[in-house]
file query.txt (compact mmCIF, C-alpha atoms)
# COMPACT_ATOMS: atom_id res chain seq x y z
CA MET A 1 0.00 0.00 0.00
CA GLU A 2 2.85 2.34 0.77
CA LYS A 3 3.90 2.84 -2.86
CA TYR A 4 0.37 3.98 -3.77
CA LEU A 5 0.20 6.34 -0.81
CA ALA A 6 3.68 7.65 -1.57
CA ARG A 7 2.65 8.39 -5.15
CA ALA A 8 -0.52 10.15 -3.97
CA ARG A 9 1.52 12.23 -1.49
CA GLU A 10 3.93 13.15 -4.25
CA LEU A 11 1.08 14.29 -6.50
CA ARG A 12 -0.57 16.34 -3.72
CA ALA A 13 2.73 18.15 -3.07
CA ILE A 14 3.08 19.33 -6.67
CA VAL A 15 1.79 22.86 -7.21
CA THR A 16 2.07 23.04 -11.00
CA PRO A 17 0.42 21.22 -12.58
CA HIS A 18 -2.29 20.90 -9.97
CA TYR A 19 -3.54 17.36 -9.43
CA ASN A 20 -7.11 17.44 -8.16
CA CYS A 21 -8.37 14.87 -5.67
CA ALA A 22 -9.80 12.53 -8.32
CA GLN A 23 -6.58 12.60 -10.33
CA SER A 24 -4.49 12.07 -7.20
CA VAL A 25 -6.41 8.91 -6.27
CA LEU A 26 -6.73 7.47 -9.77
CA LEU A 27 -3.21 8.05 -11.04
CA PRO A 28 -1.26 5.75 -8.67
CA PHE A 29 -3.48 2.82 -9.67
CA ALA A 30 -3.84 3.79 -13.33
CA GLU A 31 -0.08 3.58 -13.75
CA VAL A 32 -0.25 -0.09 -12.65
CA TYR A 33 -2.91 -0.80 -15.26
CA GLY A 34 -0.97 0.91 -18.06
CA MET A 35 -2.97 4.12 -18.30
CA SER A 36 -0.93 7.21 -19.08
CA GLU A 37 -0.71 10.22 -16.80
CA GLU A 38 -2.00 12.39 -19.62
CA ASP A 39 -5.12 10.23 -20.02
CA VAL A 40 -5.78 10.30 -16.27
CA MET A 41 -5.38 14.07 -16.18
CA ARG A 42 -7.94 14.48 -18.98
CA ILE A 43 -10.44 11.87 -17.75
CA ALA A 44 -10.52 13.06 -14.14
CA VAL A 45 -10.15 16.82 -14.73
CA HIS A 46 -13.80 17.65 -14.02
CA PHE A 47 -14.11 15.47 -10.91
CA GLY A 48 -12.08 17.59 -8.49
CA GLY A 49 -13.99 19.86 -6.15
CA GLY A 50 -17.00 17.58 -6.27
CA MET A 51 -17.34 17.74 -10.05
CA LYS A 52 -16.43 21.43 -9.75
CA MET A 53 -19.73 22.11 -7.98
CA GLY A 54 -19.35 20.73 -4.47
CA SER A 55 -21.00 17.40 -5.27
CA VAL A 56 -19.42 13.99 -4.56
CA CYS A 57 -15.84 14.39 -3.33
CA GLY A 58 -13.21 13.96 -6.04
CA ALA A 59 -11.32 11.46 -3.89
CA VAL A 60 -14.44 9.28 -3.89
CA THR A 61 -15.01 9.52 -7.64
CA GLY A 62 -11.30 8.90 -8.28
CA GLY A 63 -11.46 5.80 -6.11
CA LEU A 64 -14.49 4.50 -7.97
CA MET A 65 -12.67 5.11 -11.26
CA ALA A 66 -9.65 3.17 -10.00
CA LEU A 67 -11.84 0.22 -8.99
CA GLY A 68 -13.53 0.27 -12.39
CA LEU A 69 -10.18 0.36 -14.14
CA ALA A 70 -9.21 -2.77 -12.20
CA GLY A 71 -12.32 -4.49 -13.54
CA LEU A 72 -14.35 -4.28 -10.33
CA ASP A 73 -17.66 -3.03 -11.59
CA SER A 74 -20.21 -4.56 -9.22
CA ALA A 75 -22.54 -2.54 -7.02
CA LYS A 76 -21.20 -4.47 -4.02
CA VAL A 77 -17.66 -3.23 -4.64
CA ALA A 78 -18.82 0.35 -5.12
CA ASN A 79 -20.96 0.16 -1.99
CA ASP A 80 -18.09 -1.32 0.04
CA PHE A 81 -15.81 1.51 -1.06
CA VAL A 82 -18.37 4.22 -0.37
CA ARG A 83 -19.19 2.69 3.01
CA LYS A 84 -15.50 2.82 4.00
CA ILE A 85 -15.39 6.55 3.24
CA ARG A 86 -18.78 7.43 4.72
CA SER A 87 -17.98 5.62 7.97
CA LYS A 88 -15.21 8.13 8.66
CA HIS A 89 -17.24 11.22 7.76
CA ASP A 90 -20.64 10.96 9.42
CA GLY A 91 -22.14 9.55 6.22
CA MET A 92 -21.11 12.51 4.09
CA LEU A 93 -19.68 12.23 0.59
CA ASP A 94 -20.27 15.67 -0.90
CA CYS A 95 -17.27 17.97 -1.11
CA LYS A 96 -19.18 21.03 0.07
CA ASP A 97 -20.42 19.22 3.20
CA LEU A 98 -17.06 17.68 4.00
CA LEU A 99 -15.33 21.05 3.61
CA ARG A 100 -17.99 22.87 5.65
CA VAL A 101 -17.62 20.46 8.58
CA ASN A 102 -13.83 20.63 8.31
CA ALA A 103 -13.95 24.45 8.40
CA GLN A 104 -16.31 24.40 11.39
CA LYS A 105 -13.72 22.31 13.21
CA GLY A 106 -11.01 24.82 12.27
CA GLY A 107 -9.32 22.46 9.82
CA ASP A 108 -7.12 23.46 6.93
CA LYS A 109 -8.72 22.87 3.51
CA LYS A 110 -5.64 21.46 1.76
CA ALA A 111 -4.83 19.13 4.65
CA HIS A 112 -8.42 17.91 4.66
CA CYS A 113 -8.42 17.26 0.92
CA ASP A 114 -5.05 15.53 1.13
CA ASP A 115 -6.40 13.28 3.89
CA MET A 116 -9.46 12.44 1.78
CA VAL A 117 -7.13 11.39 -1.05
CA TYR A 118 -5.07 9.19 1.26
CA GLU A 119 -8.20 7.58 2.77
CA ALA A 120 -9.51 6.81 -0.71
CA VAL A 121 -6.18 5.35 -1.83
CA GLU A 122 -6.15 3.10 1.26
CA ALA A 123 -9.74 1.99 0.64
CA VAL A 124 -9.05 1.21 -3.03
CA TYR A 125 -5.94 -0.73 -2.07
CA GLU A 126 -7.83 -2.76 0.54
CA ILE A 127 -10.54 -3.69 -1.95
CA LEU A 128 -8.03 -4.58 -4.68
CA LYS A 129 -6.15 -6.73 -2.19
CA GLU A 130 -9.36 -8.45 -1.01
CA ASN A 131 -10.08 -9.28 -4.65
CA GLU A 132 -6.49 -10.47 -5.25
CA LEU A 133 -5.83 -7.81 -7.86
CA ILE A 134 -2.79 -6.36 -6.17
call {"tool": "encode", "arguments": {"input": "query.txt", "output": "structure tokens"}}
result
Amino acid sequence: MEKYLARARELRAIVTPHYNCAQSVLLPFAEVYGMSEEDVMRIAVHFGGGMKMGSVCGAVTGGLMALGLAGLDSAKVANDFVRKIRSKHDGMLDCKDLLRVNAQKGGDKKAHCDDMVYEAVEAVYEILKENELI
């Protein structure tokens, strides 16, 4: 798991180009499955910031993309992944809600988003491992 987290941390530390949350979760796994960085950047560009409108967190959508890329397309897999994330955030998945609660607690936005990316990477890894795909 550490190599995937390390890659996500590396991406989150880069200022230019900016890797949004979806790109930061998808890219470490996409590289394993032979997808280029350029393709990941284009595919996931509109999924950061909750699809650029505060909807479902980009880390969540990036994680779902990674699971799909690995061939895990069942509702059970998607539900397991979403449940792992929701269980740590009072059932919330929307970017605007997650950021609002984080701000109310005095949290830093970037640190919060980074943590969401790392949580999603861990959840994807766990599911891939459970399914013997990693």
call {"tool": "atom_distance", "arguments": {"input": "query.txt", "atom1": "atom CA of Ala44 of chain A", "atom2": "atom CA of Glu10 of chain A"}}
result
17.5 Å
call {"tool": "residues_around", "arguments": {"input": "query.txt", "residues": "segment 76-85 of chain A", "least_positions_apart": "4", "cutoff": "10 Å", "atoms": "all atoms listed in the file", "output": "PyMOL selection string"}}
result
chain A and resi 59-61+63-65+67-68+72+89-93+116+119-120+122-124+126-128+131
call {"tool": "residues_around", "arguments": {"input": "query.txt", "residues": "segment 47-49 of chain A", "least_positions_apart": "3", "cutoff": "12 Å", "atoms": "all atoms listed in the file", "output": "PyMOL selection string"}}
result
chain A and resi 18-26+40-44+52-65+93-99+109-110+113+116-117
call {"tool": "atom_distance", "arguments": {"input": "query.txt", "atom1": "atom CA of Arg7 of chain A", "atom2": "atom CA of Ser74 of chain A"}}
result
26.6 Å
call {"tool": "atom_distance", "arguments": {"input": "query.txt", "atom1": "atom CA of Arg9 of chain A", "atom2": "atom CA of Gln104 of chain A"}}
result
25.1 Å
call {"tool": "residues_around", "arguments": {"input": "query.txt", "residues": "Met35 of chain A", "least_positions_apart": "6", "cutoff": "10 Å", "atoms": "all atoms listed in the file", "output": "list of chain:residue names"}}
result
A:Leu26, A:Leu27, A:Pro28, A:Phe29, A:Leu69
call {"tool": "closest_residue", "arguments": {"input": "query.txt", "among": "A:Ala13, A:Gly107, A:Gly71, A:Asp115", "to": "Lys88 of chain A", "atoms": "all atoms listed in the file"}}
result
A:Asp115
call {"tool": "axis_aligned_box", "arguments": {"input": "query.txt", "around": "segment 122-126 of chain A", "padding_each_side": "6 Å", "output": "lines of an AutoDock Vina configuration file"}}
result
center_x = -7.8
center_y = 0.2
center_z = -0.9
size_x = 15.8
size_y = 17.9
size_z = 16.3
call {"tool": "closest_residue", "arguments": {"input": "query.txt", "among": "A:Val32, A:Val101, A:Ala66, A:Leu133", "to": "Lys3 of chain A", "atoms": "all atoms listed in the file"}}
result
A:Val32
call {"tool": "closest_residue", "arguments": {"input": "query.txt", "among": "A:Leu11, A:Ala6, A:Ala75, A:Ala70", "to": "Glu37 of chain A", "atoms": "all atoms listed in the file"}}
result
A:Leu11
call {"tool": "build_atoms", "arguments": {"input": "query.txt", "residues": "segment 93-104 of chain A", "atoms": "N, CA, C and O atoms", "output": "compact mmCIF listing (two decimals), in the frame of the given file"}}
result
# COMPACT_ATOMS: atom_id res chain seq x y z
N LEU A 93 -20.53 12.45 1.76
CA LEU A 93 -19.68 12.23 0.59
C LEU A 93 -19.48 13.49 -0.23
O LEU A 93 -18.55 13.57 -1.03
N ASP A 94 -20.36 14.47 -0.08
CA ASP A 94 -20.27 15.67 -0.90
C ASP A 94 -19.15 16.60 -0.42
O ASP A 94 -19.01 16.86 0.77
N CYS A 95 -18.39 17.08 -1.37
CA CYS A 95 -17.27 17.97 -1.11
C CYS A 95 -17.68 19.17 -0.26
O CYS A 95 -17.02 19.49 0.73
N LYS A 96 -18.76 19.82 -0.65
CA LYS A 96 -19.18 21.03 0.07
C LYS A 96 -19.48 20.73 1.53
O LYS A 96 -19.16 21.51 2.42
N ASP A 97 -20.11 19.59 1.82
CA ASP A 97 -20.42 19.22 3.20
C ASP A 97 -19.17 18.85 3.98
O ASP A 97 -18.98 19.27 5.12
N LEU A 98 -18.31 18.08 3.35
CA LEU A 98 -17.06 17.68 4.00
C LEU A 98 -16.21 18.91 4.33
O LEU A 98 -15.65 19.01 5.42
N LEU A 99 -16.12 19.83 3.38
CA LEU A 99 -15.33 21.05 3.61
C LEU A 99 -15.97 21.96 4.66
O LEU A 99 -15.27 22.57 5.47
N ARG A 100 -17.29 22.05 4.66
CA ARG A 100 -17.99 22.87 5.65
C ARG A 100 -17.72 22.35 7.06
O ARG A 100 -17.36 23.12 7.96
N VAL A 101 -17.85 21.05 7.26
CA VAL A 101 -17.62 20.46 8.58
C VAL A 101 -16.15 20.63 8.98
O VAL A 101 -15.85 20.97 10.13
N ASN A 102 -15.26 20.43 8.03
CA ASN A 102 -13.83 20.63 8.31
C ASN A 102 -13.56 22.06 8.75
O ASN A 102 -12.84 22.30 9.72
N ALA A 103 -14.15 23.04 8.06
CA ALA A 103 -13.95 24.45 8.40
C ALA A 103 -14.54 24.76 9.78
O ALA A 103 -13.94 25.50 10.56
N GLN A 104 -15.70 24.19 10.07
CA GLN A 104 -16.31 24.40 11.39
C GLN A 104 -15.43 23.89 12.52
O GLN A 104 -15.44 24.43 13.62
